[in-house]
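> Please find my_file14.txt (compact mmCIF, C-alpha atoms) on the next line:
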# COMPACT_ATOMS: atom_id res chain seq x y z
CA MET C 1 0.00 0.00 0.00
CA ARG C 2 1.08 3.54 -0.78
CA ALA C 3 2.81 5.50 1.97
CA PHE C 4 1.07 8.23 3.98
CA ILE C 5 2.99 11.23 2.69
CA PRO C 6 2.45 13.59 5.70
CA ASN C 7 4.44 11.12 7.83
CA TYR C 8 7.58 11.91 5.89
CA GLN C 9 9.93 14.81 6.17
CA LEU C 10 12.44 15.91 3.54
CA THR C 11 14.33 18.92 4.80
CA THR C 12 16.58 20.99 2.57
CA PRO C 13 19.84 22.28 4.10
CA ALA C 14 21.49 25.38 2.65
CA SER C 15 24.97 23.87 2.66
CA LEU C 16 26.96 20.70 3.21
CA ALA C 17 28.00 22.03 6.63
CA GLU C 18 24.36 22.40 7.62
CA ALA C 19 23.59 18.88 6.41
CA LEU C 20 26.48 17.44 8.43
CA THR C 21 25.40 19.33 11.55
CA LEU C 22 21.92 17.90 11.22
CA LEU C 23 23.30 14.38 10.81
CA GLU C 24 25.50 14.88 13.87
CA SER C 25 22.93 16.53 16.14
CA GLU C 26 20.38 13.72 15.98
CA PRO C 27 22.29 10.51 15.23
CA GLY C 28 20.26 8.00 13.25
CA VAL C 29 17.24 10.30 12.92
CA TRP C 30 18.22 11.73 9.54
CA LYS C 31 19.28 9.98 6.39
CA PRO C 32 20.49 11.54 3.14
CA PHE C 33 18.17 11.65 0.13
CA ALA C 34 19.82 12.22 -3.26
CA GLY C 35 18.16 11.59 -6.65
CA GLY C 36 15.33 9.55 -5.17
CA THR C 37 15.39 6.82 -7.82
CA ASP C 38 15.51 4.08 -5.17
CA LEU C 39 13.85 5.71 -2.15
CA MET C 40 10.80 7.03 -4.03
CA VAL C 41 10.12 3.52 -5.34
CA LEU C 42 10.02 2.23 -1.76
CA LEU C 43 7.84 5.19 -0.75
CA GLU C 44 5.23 4.41 -3.39
CA ALA C 45 5.27 0.73 -2.40
CA GLY C 46 4.69 1.67 1.25
CA ARG C 47 8.03 0.11 2.18
CA LEU C 48 10.04 3.20 3.09
CA ALA C 49 10.52 2.52 6.80
CA HIS C 50 12.64 5.53 7.66
CA ARG C 51 10.74 8.84 7.92
CA ASN C 52 13.19 11.76 8.08
CA TYR C 53 15.46 12.69 5.23
CA ILE C 54 17.91 15.40 4.31
CA ASN C 55 17.54 16.59 0.74
CA ILE C 56 21.16 16.72 -0.47
CA TRP C 57 20.23 17.04 -4.18
CA GLY C 58 20.98 20.77 -4.25
CA LEU C 59 24.37 20.63 -2.50
CA ASN C 60 26.91 21.77 -5.07
CA GLU C 61 29.75 20.68 -2.78
CA LEU C 62 28.82 17.11 -3.73
CA ARG C 63 28.84 17.69 -7.49
CA GLY C 64 31.40 17.86 -10.23
CA ILE C 65 34.08 15.72 -11.84
CA GLU C 66 37.71 16.79 -11.39
CA ALA C 67 40.88 15.30 -12.78
CA THR C 68 44.50 15.52 -11.62
CA ASP C 69 47.49 13.70 -13.12
CA THR C 70 46.85 10.71 -10.88
CA HIS C 71 43.13 10.60 -10.15
CA VAL C 72 39.64 11.43 -11.34
CA THR C 73 37.41 12.52 -8.48
CA LEU C 74 33.64 12.47 -8.77
CA GLY C 75 31.18 14.17 -6.45
CA ALA C 76 28.78 11.71 -4.86
CA LEU C 77 25.88 13.41 -6.66
CA THR C 78 27.41 12.79 -10.10
CA THR C 79 24.54 11.45 -12.20
CA TYR C 80 24.71 8.61 -14.70
CA THR C 81 24.15 11.16 -17.45
CA GLU C 82 27.16 13.20 -16.26
CA VAL C 83 29.30 10.06 -16.13
CA GLN C 84 28.49 9.18 -19.75
CA THR C 85 29.28 12.61 -21.11
CA ASN C 86 32.66 13.10 -19.39
CA PRO C 87 35.50 12.71 -21.93
CA ILE C 88 38.12 11.45 -19.45
CA LEU C 89 35.78 8.83 -18.07
CA ARG C 90 34.84 7.73 -21.58
CA ARG C 91 38.49 7.34 -22.52
CA GLU C 92 39.96 5.85 -19.35
CA PHE C 93 37.03 4.29 -17.47
CA PRO C 94 34.72 2.98 -20.19
CA MET C 95 33.08 0.36 -17.97
CA LEU C 96 31.77 3.06 -15.66
CA CYS C 97 30.25 4.87 -18.65
CA GLN C 98 28.76 1.63 -19.92
CA ALA C 99 27.31 0.86 -16.49
CA ALA C 100 25.80 4.35 -16.39
CA SER C 101 24.29 3.92 -19.86
CA GLU C 102 22.70 0.60 -18.87
CA THR C 103 21.18 1.85 -15.60
CA GLY C 104 17.47 2.47 -16.19
CA GLY C 105 16.40 4.81 -18.98
CA LEU C 106 17.43 8.39 -19.58
CA ALA C 107 15.01 9.80 -16.98
CA ILE C 108 16.64 7.59 -14.32
CA GLN C 109 20.13 8.43 -15.57
CA ASN C 110 19.37 12.14 -15.19
CA ARG C 111 18.50 11.65 -11.55
CA GLY C 112 20.31 8.58 -10.23
CA THR C 113 23.70 9.24 -8.63
CA LEU C 114 26.90 7.24 -8.14
CA GLY C 115 26.89 7.99 -4.42
CA GLY C 116 23.31 6.81 -4.15
CA ASN C 117 24.16 3.66 -6.04
CA ILE C 118 26.92 2.93 -3.50
CA VAL C 119 25.06 3.64 -0.25
CA ASN C 120 21.79 2.11 -1.41
CA ALA C 121 24.00 -0.99 -1.24
CA SER C 122 22.10 -3.22 -3.61
CA PRO C 123 24.13 -6.26 -4.71
CA ALA C 124 22.46 -5.80 -8.12
CA ALA C 125 23.62 -2.20 -8.59
CA ASP C 126 25.23 -1.49 -11.95
CA SER C 127 28.05 0.95 -11.19
CA PRO C 128 29.73 -0.75 -8.16
CA PRO C 129 31.23 -3.62 -10.20
CA ALA C 130 32.94 -1.08 -12.47
CA LEU C 131 34.04 1.08 -9.52
CA LEU C 132 35.52 -1.94 -7.72
CA ALA C 133 37.36 -3.11 -10.84
CA TYR C 134 38.87 0.38 -11.11
CA ASP C 135 40.10 0.30 -7.49
CA ALA C 136 37.85 3.20 -6.47
CA GLU C 137 38.27 4.96 -3.14
CA ILE C 138 35.49 6.80 -1.35
CA GLU C 139 35.48 9.79 0.95
CA LEU C 140 33.21 9.92 3.98
CA VAL C 141 32.76 13.33 5.57
CA SER C 142 31.32 14.41 8.90
CA ASN C 143 31.78 17.28 11.32
CA ARG C 144 34.64 15.21 12.77
CA GLY C 145 36.52 15.45 9.49
CA SER C 146 37.05 13.48 6.32
CA ARG C 147 38.38 9.99 5.67
CA TRP C 148 39.24 8.20 2.45
CA LEU C 149 38.90 4.45 2.30
CA PRO C 150 39.09 1.81 -0.39
CA TYR C 151 35.66 1.06 -1.81
CA GLN C 152 36.67 -2.61 -1.70
CA GLY C 153 35.62 -3.75 1.79
CA PHE C 154 33.13 -0.90 2.35
CA HIS C 155 30.14 -3.23 2.07
CA THR C 156 30.19 -5.89 4.77
CA GLY C 157 26.89 -7.71 4.17
CA TYR C 158 23.49 -7.23 2.58
CA LYS C 159 22.79 -3.48 2.91
CA GLN C 160 25.54 -3.27 5.55
CA MET C 161 28.49 -0.89 5.23
CA HIS C 162 31.23 0.93 7.10
CA ILE C 163 29.57 4.30 7.54
CA ASP C 164 28.70 6.07 10.78
CA PRO C 165 25.31 7.79 11.29
CA ASP C 166 26.91 11.24 11.14
CA GLU C 167 28.85 10.51 7.94
CA LEU C 168 27.97 11.33 4.37
CA LEU C 169 29.54 9.86 1.25
CA ALA C 170 31.03 12.92 -0.43
CA ARG C 171 33.35 11.84 -3.23
CA ILE C 172 34.58 8.88 -5.23
CA ARG C 173 38.14 8.75 -6.57
CA LEU C 174 39.52 6.60 -9.38
CA PRO C 175 43.27 6.10 -9.89
CA ARG C 176 44.24 6.83 -13.50
CA ASN C 177 46.07 3.54 -13.98
CA THR C 178 43.99 1.99 -16.73
CA ALA C 179 46.38 2.51 -19.65
CA GLY C 180 46.94 -0.77 -21.50
CA LEU C 181 44.11 -2.60 -19.75
CA THR C 182 41.39 -4.56 -21.50
CA HIS C 183 37.99 -3.55 -20.11
CA TYR C 184 35.12 -6.04 -20.08
CA TYR C 185 31.66 -5.12 -18.72
CA ARG C 186 28.53 -7.17 -19.24
CA LYS C 187 25.16 -6.69 -17.61
CA VAL C 188 22.82 -9.62 -18.14
CA GLY C 189 19.15 -8.79 -17.61
CA THR C 190 15.73 -9.77 -18.90
CA ARG C 191 15.66 -7.04 -21.52
CA LYS C 192 18.09 -4.54 -22.95
CA ALA C 193 16.80 -1.39 -21.27
CA GLN C 194 15.31 -0.77 -17.84
CA ALA C 195 16.21 -4.20 -16.45
CA ILE C 196 17.79 -4.98 -13.10
CA SER C 197 20.67 -7.37 -13.58
CA LYS C 198 20.59 -11.12 -13.11
CA VAL C 199 24.37 -11.08 -13.27
CA CYS C 200 26.68 -8.10 -13.70
CA PHE C 201 30.33 -8.70 -14.58
CA ALA C 202 33.11 -6.11 -14.70
CA ALA C 203 36.74 -6.96 -15.23
CA VAL C 204 40.01 -5.46 -16.41
CA GLY C 205 43.10 -7.37 -17.43
CA LYS C 206 46.53 -7.10 -18.94
CA THR C 207 48.79 -9.68 -20.55
CA GLY C 208 52.53 -9.68 -21.13
CA GLN C 209 54.31 -12.27 -23.26
CA GLY C 210 51.13 -14.27 -23.44
CA LYS C 211 50.68 -14.45 -19.68
CA LEU C 212 48.16 -12.73 -17.43
CA MET C 213 50.02 -9.95 -15.62
CA GLU C 214 47.03 -8.54 -13.82
CA THR C 215 43.28 -9.06 -13.63
CA ARG C 216 40.60 -7.42 -11.50
CA ILE C 217 37.34 -9.34 -11.57
CA VAL C 218 34.07 -8.21 -10.01
CA VAL C 219 30.65 -9.84 -10.13
CA GLY C 220 27.31 -8.40 -9.02
CA SER C 221 23.93 -10.02 -8.22
CA VAL C 222 25.61 -13.25 -7.13
CA ALA C 223 26.10 -12.66 -3.39
CA PRO C 224 24.83 -10.37 -0.57
CA ILE C 225 27.37 -7.79 -1.77
CA VAL C 226 29.09 -7.11 -5.07
CA VAL C 227 32.13 -9.43 -5.03
CA ARG C 228 35.69 -8.68 -6.03
CA CYS C 229 36.99 -12.15 -6.80
CA VAL C 230 40.47 -11.87 -5.33
CA GLN C 231 41.16 -15.61 -5.15
CA THR C 232 40.32 -16.05 -8.80
CA GLU C 233 42.56 -13.11 -9.63
CA ALA C 234 45.38 -14.72 -7.65
CA ALA C 235 44.87 -18.05 -9.39
CA LEU C 236 45.16 -16.34 -12.77
CA ARG C 237 48.32 -14.35 -12.13
CA GLY C 238 51.19 -15.46 -14.36
CA GLN C 239 49.09 -18.04 -16.21
CA ARG C 240 48.42 -18.30 -19.91
CA PRO C 241 44.71 -17.70 -20.59
CA ASP C 242 44.26 -21.16 -22.13
CA GLU C 243 41.44 -23.67 -21.65
CA GLU C 244 43.03 -25.23 -18.59
CA THR C 245 43.48 -21.85 -16.90
CA ILE C 246 39.92 -20.85 -17.74
CA ALA C 247 38.56 -24.08 -16.21
CA ALA C 248 40.60 -23.51 -13.04
CA ALA C 249 39.45 -19.88 -12.86
CA CYS C 250 35.81 -20.91 -13.20
CA ALA C 251 36.25 -23.45 -10.40
CA SER C 252 37.72 -20.70 -8.22
CA LEU C 253 34.95 -18.26 -9.13
CA VAL C 254 32.30 -20.76 -8.01
CA ARG C 255 33.87 -20.79 -4.55
CA GLU C 256 33.83 -16.99 -4.29
CA ILE C 257 30.21 -16.31 -5.18
CA SER C 258 26.94 -17.52 -3.66
CA PRO C 259 24.04 -16.80 -6.02
CA ILE C 260 20.46 -17.43 -4.92
CA ASP C 261 17.05 -17.98 -6.50
CA ASP C 262 14.96 -14.80 -6.42
CA ILE C 263 12.37 -12.93 -8.50
CA ARG C 264 14.88 -12.11 -11.22
CA SER C 265 16.72 -15.37 -11.76
CA THR C 266 17.90 -18.66 -10.32
CA ALA C 267 21.11 -19.63 -8.58
CA LYS C 268 21.85 -22.18 -11.29
CA TYR C 269 21.47 -19.70 -14.14
CA ARG C 270 23.51 -17.03 -12.37
CA LEU C 271 26.33 -19.45 -11.63
CA GLN C 272 26.50 -20.62 -15.23
CA VAL C 273 26.35 -17.10 -16.65
CA ALA C 274 29.05 -15.87 -14.25
CA LYS C 275 31.34 -18.69 -15.40
CA ASN C 276 30.55 -18.04 -19.06
CA LEU C 277 31.35 -14.35 -18.68
CA LEU C 278 34.63 -15.11 -16.92
CA ALA C 279 35.57 -17.52 -19.71
CA ASP C 280 34.60 -14.94 -22.34
CA PHE C 281 36.62 -12.23 -20.59
CA LEU C 282 39.70 -14.45 -20.41
CA ALA C 283 39.26 -15.45 -24.05
CA THR C 284 39.43 -11.77 -25.03
CA LEU C 285 42.84 -11.59 -23.35
CA ARG C 286 44.18 -14.49 -25.38
CA THR C 287 45.05 -12.58 -28.52
CA MET K 288 2.32 16.99 12.07
CA ASN K 289 2.84 19.90 9.75
CA ASN K 290 5.40 19.06 7.11
CA ARG K 291 3.98 21.46 4.60
CA HIS K 292 6.38 23.87 2.98
CA THR K 293 6.09 26.57 0.39
CA VAL K 294 7.58 25.46 -2.91
CA GLU K 295 8.05 27.92 -5.74
CA PHE K 296 8.60 26.81 -9.31
CA LYS K 297 7.53 27.40 -12.89
CA VAL K 298 5.26 25.09 -14.84
CA ASN K 299 5.04 25.66 -18.57
CA GLY K 300 6.35 29.19 -18.08
CA GLU K 301 3.90 30.13 -15.33
CA ALA K 302 5.18 30.88 -11.82
CA ARG K 303 3.57 28.78 -9.09
CA SER K 304 3.76 28.86 -5.32
CA LEU K 305 2.21 25.97 -3.44
CA GLU K 306 1.97 24.71 0.13
CA VAL K 307 2.87 21.05 -0.20
CA PHE K 308 4.28 18.16 1.80
CA SER K 309 8.00 17.98 1.17
CA MET K 310 7.82 14.31 0.16
CA ALA K 311 4.72 14.70 -2.06
CA ARG K 312 5.35 13.36 -5.53
CA LEU K 313 5.58 15.95 -8.30
CA LEU K 314 3.27 13.69 -10.34
CA ASP K 315 0.47 13.98 -7.77
CA VAL K 316 0.88 17.72 -7.34
CA LEU K 317 0.74 18.29 -11.10
CA ARG K 318 -2.38 16.20 -11.48
CA GLU K 319 -4.29 16.94 -8.30
CA GLN K 320 -3.30 20.47 -7.34
CA LEU K 321 -2.56 22.00 -10.71
CA GLN K 322 -5.06 19.97 -12.74
CA LEU K 323 -2.39 19.14 -15.29
CA THR K 324 -3.71 15.66 -15.90
CA GLY K 325 -1.86 15.15 -19.17
CA THR K 326 0.96 13.65 -17.11
CA LYS K 327 -0.03 10.03 -16.51
CA GLU K 328 0.75 7.56 -13.78
CA GLY K 329 1.75 4.14 -14.99
CA CYS K 330 3.90 2.03 -12.72
CA GLY K 331 4.72 4.56 -10.00
CA GLU K 332 8.24 3.18 -9.73
CA GLY K 333 10.27 4.76 -12.51
CA GLU K 334 10.02 1.86 -14.95
CA CYS K 335 7.44 2.98 -17.52
CA GLY K 336 8.00 6.67 -18.27
CA ALA K 337 4.28 7.56 -18.46
CA CYS K 338 4.84 10.35 -15.92
CA THR K 339 7.79 11.89 -17.80
CA VAL K 340 8.20 15.66 -17.49
CA ILE K 341 11.12 17.95 -18.25
CA ILE K 342 12.81 19.66 -15.28
CA ASP K 343 15.43 22.29 -16.08
CA GLY K 344 16.03 20.78 -19.51
CA GLN K 345 16.22 17.13 -18.44
CA ILE K 346 13.54 14.46 -18.56
CA VAL K 347 12.62 12.86 -15.23
CA ASN K 348 10.01 10.45 -13.95
CA SER K 349 7.74 12.76 -11.96
CA CYS K 350 6.64 9.83 -9.78
CA LEU K 351 10.18 9.77 -8.37
CA VAL K 352 10.60 13.48 -7.69
CA PRO K 353 9.60 14.79 -4.25
CA MET K 354 8.35 18.36 -4.09
CA ALA K 355 11.27 19.48 -1.93
CA GLN K 356 13.45 18.98 -5.02
CA VAL K 357 11.27 21.11 -7.27
CA ASN K 358 11.85 24.44 -5.54
CA GLY K 359 13.24 26.97 -8.01
CA CYS K 360 12.89 24.63 -10.99
CA GLU K 361 11.33 25.09 -14.41
CA ILE K 362 9.03 22.29 -15.43
CA THR K 363 7.57 21.46 -18.82
CA THR K 364 4.64 19.06 -18.95
CA ILE K 365 2.84 17.77 -22.01
CA GLU K 366 0.47 20.74 -21.68
CA GLY K 367 3.41 23.07 -22.36
CA VAL K 368 4.80 21.37 -25.47
CA ALA K 369 2.55 23.00 -28.07
CA GLY K 370 2.97 26.69 -28.84
CA GLY K 371 -0.65 27.81 -28.42
CA ASP K 372 -2.66 26.21 -31.23
CA GLN K 373 0.51 25.21 -33.05
CA LEU K 374 1.39 21.61 -32.22
CA HIS K 375 5.02 20.66 -31.76
CA ALA K 376 6.43 18.73 -34.73
CA VAL K 377 6.59 15.60 -32.56
CA GLN K 378 2.92 15.88 -31.59
CA GLN K 379 1.88 16.41 -35.22
CA ALA K 380 3.98 13.43 -36.31
CA PHE K 381 2.36 11.19 -33.66
CA ILE K 382 -1.05 12.15 -35.07
CA ASP K 383 -0.05 11.79 -38.72
CA HIS K 384 1.74 8.48 -38.36
CA GLY K 385 -0.33 6.61 -35.79
CA GLY K 386 2.08 7.11 -32.90
CA ALA K 387 -0.72 7.01 -30.32
CA GLN K 388 -3.00 4.10 -29.54
CA CYS K 389 -4.63 3.99 -26.08
CA GLY K 390 -2.78 7.19 -25.21
CA ILE K 391 -1.48 6.48 -21.72
CA CYS K 392 2.17 6.36 -22.74
CA THR K 393 1.81 9.15 -25.31
CA PRO K 394 2.54 12.23 -23.17
CA GLY K 395 5.69 10.60 -21.83
CA MET K 396 6.74 9.38 -25.26
CA VAL K 397 6.22 12.85 -26.74
CA LEU K 398 8.24 14.52 -23.98
CA ALA K 399 11.06 11.97 -24.31
CA ALA K 400 11.09 12.59 -28.08
CA VAL K 401 10.97 16.39 -27.67
CA ASP K 402 13.87 16.19 -25.22
CA LEU K 403 15.83 13.94 -27.58
CA LEU K 404 15.40 16.32 -30.51
CA ASN K 405 16.27 19.31 -28.33
CA ARG K 406 19.58 17.69 -27.46
CA ASN K 407 20.17 15.98 -30.76
CA PRO K 408 18.34 17.43 -33.80
CA GLU K 409 19.53 14.66 -36.12
CA PRO K 410 19.44 11.45 -34.12
CA THR K 411 20.46 8.06 -35.47
CA GLU K 412 18.14 5.07 -35.16
CA HIS K 413 20.15 4.01 -32.14
CA ASP K 414 19.80 7.46 -30.58
CA ILE K 415 16.01 7.32 -30.99
CA ARG K 416 15.73 3.83 -29.51
CA ASN K 417 17.95 4.91 -26.64
CA GLY K 418 16.01 8.13 -26.13
CA LEU K 419 12.73 6.20 -25.86
CA ALA K 420 14.14 3.22 -23.93
CA GLY K 421 12.70 4.43 -20.64
CA ASN K 422 9.14 4.66 -22.00
CA LEU K 423 6.95 1.59 -22.23
CA CYS K 424 3.94 1.25 -24.53
CA ARG K 425 1.64 -1.55 -23.38
CA CYS K 426 -0.24 -1.43 -26.68
CA THR K 427 3.23 -2.32 -28.03
CA GLY K 428 2.91 0.23 -30.81
CA TYR K 429 6.64 0.87 -30.76
CA MET K 430 7.28 0.91 -34.50
CA LYS K 431 4.71 3.62 -35.15
CA ILE K 432 6.10 5.65 -32.28
CA PHE K 433 9.62 5.20 -33.60
CA GLU K 434 8.50 6.17 -37.09
CA SER K 435 6.71 9.25 -35.75
CA VAL K 436 9.93 10.48 -34.17
CA VAL K 437 11.85 9.88 -37.39
CA ARG K 438 9.23 11.85 -39.34
CA ALA K 439 9.24 14.64 -36.76
CA TYR K 440 12.91 15.43 -37.18
CA LYS K 441 12.95 14.93 -40.95
CA LYS K 442 10.26 17.55 -41.31
Written as structure tokens, that's how I'd like the structure from this file.


Amino acid sequence: MRAFIPNYQLTTPASLAEALTLLESEPGVWKPFAGGTDLMVLLEAGRLAHRNYINIWGLNELRGIEATDTHVTLGALTTYTEVQTNPILRREFPMLCQAASETGGLAIQNRGTLGGNIVNASPAADSPPALLAYDAEIELVSNRGSRWLPYQGFHTGYKQMHIDPDELLARIRLPRNTAGLTHYYRKVGTRKAQAISKVCFAAVGKTGQGKLMETRIVVGSVAPIVVRCVQTEAALRGQRPDEETIAAACASLVREISPIDDIRSTAKYRLQVAKNLLADFLATLRT
Amino acid sequence: MNNRHTVEFKVNGEARSLEVFSMARLLDVLREQLQLTGTKEGCGEGECGACTVIIDGQIVNSCLVPMAQVNGCEITTIEGVAGGDQLHAVQQAFIDHGGAQCGICTPGMVLAAVDLLNRNPEPTEHDIRNGLAGNLCRCTGYMKIFESVVRAYKK
């Protein structure tokens, strides 16, 4: 049943400082509200349990994409549309642009944000696999200060993450180390547009003298969190991407993910597709 | 509890000031308070695009926009697409080429197409499909809709 709208509060702070003070003054009472593409869906379904929100959509401190020699830094409110139109991201981080282009339709891409995609903490989210494969770091800010941490490890369980009630995700930073990498992103859903993924696969890799120098492999919708498959990466290091290696990698991948049956797919299908995508990714590194 | 706030914005060029709940959906306010019922509700969860409107030059699903985020914005609904009696080229093309069947998706489709042509006056087939990807037609009249958009920009 639809929510009773007067029960909800969405207050608009004038600045980031004001938002952080509100978060700090009443711990746990307030939660941030960005583009609304997830929270408004829950509201309409009558499943939005929390009542009080801070409208951060207008905070310019959380917007913008900046590049230095070593990093690209994105404000947490960077929309999927902004991601797709940024020339540096298109050139150096194509999987993030592809993820953004495959998230909902244009109306969602105009409103949905990278920060929201991270803290909404869905294991089926489209941008986290790309961000993890690119070794993203995230910045959490509060009135106590700011801290940067690797995005890898931020999510600890289904909808669980390392963030305190007074903290806000402010920025996302990508190291500009993608030169020479092969990028491989595949979202598998029921239809081409507007689908939520059954399996989402993002990986980068590099070969030297026919051997795998480096791979970073991330799979979504196959576990309570998006999984960076570190054991599979370790098993691949220094190997030739031949049939034997691919079989061993698939065996390792199976141990790192734990897909389930749900409304979108089955465990069996997800497992098979994840293995197929890994094999396909490794095959692209063969030449 | 009084969570009502004054929100000021423009709809189809006209300045509006309303007392609304901060979490009220723009879709409901347009339809129920401003009587702009051209904007339709389909799924209510951002999947179908029937409630598409343009905010500050970008299409959005108005079912997903709370009123607190509308303050200071300029909104175009389907009622604001025509210039008086002169239909927009997209609207005329939908009429001429059978782009509308039951009509529920039509306002959203037209706004998505208008937005596409505003950004990209000579779209490729791929651009058109992509521009309309967030709008579902349950009559499944997609080819006529697609053709209408092609005819609109070739005019």

> What are the residues of chain C lining chain K at 12 Å or less? Count only C-alpha atoms, and put the answer as a PDB file with C-alpha atoms, in the frame of the given file.


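Below is the file that was written, iface-v1.pdb:
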ATOM      1  CA  MET C   1       0.000   0.000   0.000  1.00  0.00           C
ATOM      2  CA  ARG C   2       1.080   3.540  -0.780  1.00  0.00           C
ATOM      3  CA  ALA C   3       2.810   5.500   1.970  1.00  0.00           C
ATOM      4  CA  PHE C   4       1.070   8.230   3.980  1.00  0.00           C
ATOM      5  CA  ILE C   5       2.990  11.230   2.690  1.00  0.00           C
ATOM      6  CA  PRO C   6       2.450  13.590   5.700  1.00  0.00           C
ATOM      7  CA  ASN C   7       4.440  11.120   7.830  1.00  0.00           C
ATOM      8  CA  TYR C   8       7.580  11.910   5.890  1.00  0.00           C
ATOM      9  CA  GLN C   9       9.930  14.810   6.170  1.00  0.00           C
ATOM     10  CA  LEU C  10      12.440  15.910   3.540  1.00  0.00           C
ATOM     11  CA  THR C  11      14.330  18.920   4.800  1.00  0.00           C
ATOM     12  CA  THR C  12      16.580  20.990   2.570  1.00  0.00           C
ATOM     13  CA  PRO C  13      19.840  22.280   4.100  1.00  0.00           C
ATOM     14  CA  PHE C  33      18.170  11.650   0.130  1.00  0.00           C
ATOM     15  CA  ALA C  34      19.820  12.220  -3.260  1.00  0.00           C
ATOM     16  CA  GLY C  35      18.160  11.590  -6.650  1.00  0.00           C
ATOM     17  CA  GLY C  36      15.330   9.550  -5.170  1.00  0.00           C
ATOM     18  CA  THR C  37      15.390   6.820  -7.820  1.00  0.00           C
ATOM     19  CA  ASP C  38      15.510   4.080  -5.170  1.00  0.00           C
ATOM     20  CA  LEU C  39      13.850   5.710  -2.150  1.00  0.00           C
ATOM     21  CA  MET C  40      10.800   7.030  -4.030  1.00  0.00           C
ATOM     22  CA  VAL C  41      10.120   3.520  -5.340  1.00  0.00           C
ATOM     23  CA  LEU C  42      10.020   2.230  -1.760  1.00  0.00           C
ATOM     24  CA  LEU C  43       7.840   5.190  -0.750  1.00  0.00           C
ATOM     25  CA  GLU C  44       5.230   4.410  -3.390  1.00  0.00           C
ATOM     26  CA  ALA C  45       5.270   0.730  -2.400  1.00  0.00           C
ATOM     27  CA  GLY C  46       4.690   1.670   1.250  1.00  0.00           C
ATOM     28  CA  LEU C  48      10.040   3.200   3.090  1.00  0.00           C
ATOM     29  CA  ARG C  51      10.740   8.840   7.920  1.00  0.00           C
ATOM     30  CA  ASN C  52      13.190  11.760   8.080  1.00  0.00           C
ATOM     31  CA  TYR C  53      15.460  12.690   5.230  1.00  0.00           C
ATOM     32  CA  ILE C  54      17.910  15.400   4.310  1.00  0.00           C
ATOM     33  CA  ASN C  55      17.540  16.590   0.740  1.00  0.00           C
ATOM     34  CA  ILE C  56      21.160  16.720  -0.470  1.00  0.00           C
ATOM     35  CA  TRP C  57      20.230  17.040  -4.180  1.00  0.00           C
ATOM     36  CA  GLY C  58      20.980  20.770  -4.250  1.00  0.00           C
ATOM     37  CA  LEU C  59      24.370  20.630  -2.500  1.00  0.00           C
ATOM     38  CA  THR C  79      24.540  11.450 -12.200  1.00  0.00           C
ATOM     39  CA  THR C  81      24.150  11.160 -17.450  1.00  0.00           C
ATOM     40  CA  GLU C  82      27.160  13.200 -16.260  1.00  0.00           C
ATOM     41  CA  SER C 101      24.290   3.920 -19.860  1.00  0.00           C
ATOM     42  CA  GLU C 102      22.700   0.600 -18.870  1.00  0.00           C
ATOM     43  CA  THR C 103      21.180   1.850 -15.600  1.00  0.00           C
ATOM     44  CA  GLY C 104      17.470   2.470 -16.190  1.00  0.00           C
ATOM     45  CA  GLY C 105      16.400   4.810 -18.980  1.00  0.00           C
ATOM     46  CA  LEU C 106      17.430   8.390 -19.580  1.00  0.00           C
ATOM     47  CA  ALA C 107      15.010   9.800 -16.980  1.00  0.00           C
ATOM     48  CA  ILE C 108      16.640   7.590 -14.320  1.00  0.00           C
ATOM     49  CA  GLN C 109      20.130   8.430 -15.570  1.00  0.00           C
ATOM     50  CA  ASN C 110      19.370  12.140 -15.190  1.00  0.00           C
ATOM     51  CA  ARG C 111      18.500  11.650 -11.550  1.00  0.00           C
ATOM     52  CA  GLY C 112      20.310   8.580 -10.230  1.00  0.00           C
ATOM     53  CA  ARG C 191      15.660  -7.040 -21.520  1.00  0.00           C
ATOM     54  CA  LYS C 192      18.090  -4.540 -22.950  1.00  0.00           C
ATOM     55  CA  ALA C 193      16.800  -1.390 -21.270  1.00  0.00           C
ATOM     56  CA  GLN C 194      15.310  -0.770 -17.840  1.00  0.00           C
ATOM     57  CA  ALA C 195      16.210  -4.200 -16.450  1.00  0.00           C
ATOM     58  CA  ILE C 196      17.790  -4.980 -13.100  1.00  0.00           C
TER      59      ILE C 196
END

> Could you check how far atom CA of Glu361 of chain K sits from atom CA of Gln320 of chain K, in Å to one decimal?

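Taking atom CA of Glu361 of chain K as the start and atom CA of Gln320 of chain K as the end point, the length is 16.9 Å.
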
> Do you have the atom CA of Thr113 of chain C-atom CA of Ala76 of chain C distance handy?

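According to the coordinates, atom CA of Thr113 of chain C and atom CA of Ala76 of chain C are separated by 6.8 Å.
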
> Work out how far apart atom CA of Gly64 of chain C and atom CA of Leu314 of chain K are and give it in Å to one decimal.

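Atom CA of Leu314 of chain K lies 28.4 Å from atom CA of Gly64 of chain C.
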
> Can you pull out the residues contacting Gly145 of chain C? Cut-off 12 Å, using all atoms listed in the file, and skip same-chain residues under 5 positions away; I want them as a PyMOL selection string.

chain C and resi 17+20-21+24+139-140+166-168+170

> Excluding Gln322 of chain K and any residue of its chain fewer than 6 positions from it, enumerate the residues within 12 Å of it, using only C-alpha atoms, and give them as an mmCIF file with C-alpha atoms, keeping the file's coordinate frame.


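Full text of selection.cif as output:
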data_model
loop_
_atom_site.group_PDB
_atom_site.id
_atom_site.type_symbol
_atom_site.label_atom_id
_atom_site.label_comp_id
_atom_site.auth_asym_id
_atom_site.auth_seq_id
_atom_site.Cartn_x
_atom_site.Cartn_y
_atom_site.Cartn_z
ATOM 1 C CA VAL K 298 5.260 25.090 -14.840
ATOM 2 C CA LEU K 314 3.270 13.690 -10.340
ATOM 3 C CA ASP K 315 0.470 13.980 -7.770
ATOM 4 C CA VAL K 316 0.880 17.720 -7.340
ATOM 5 C CA THR K 364 4.640 19.060 -18.950
ATOM 6 C CA GLU K 366 0.470 20.740 -21.680
#
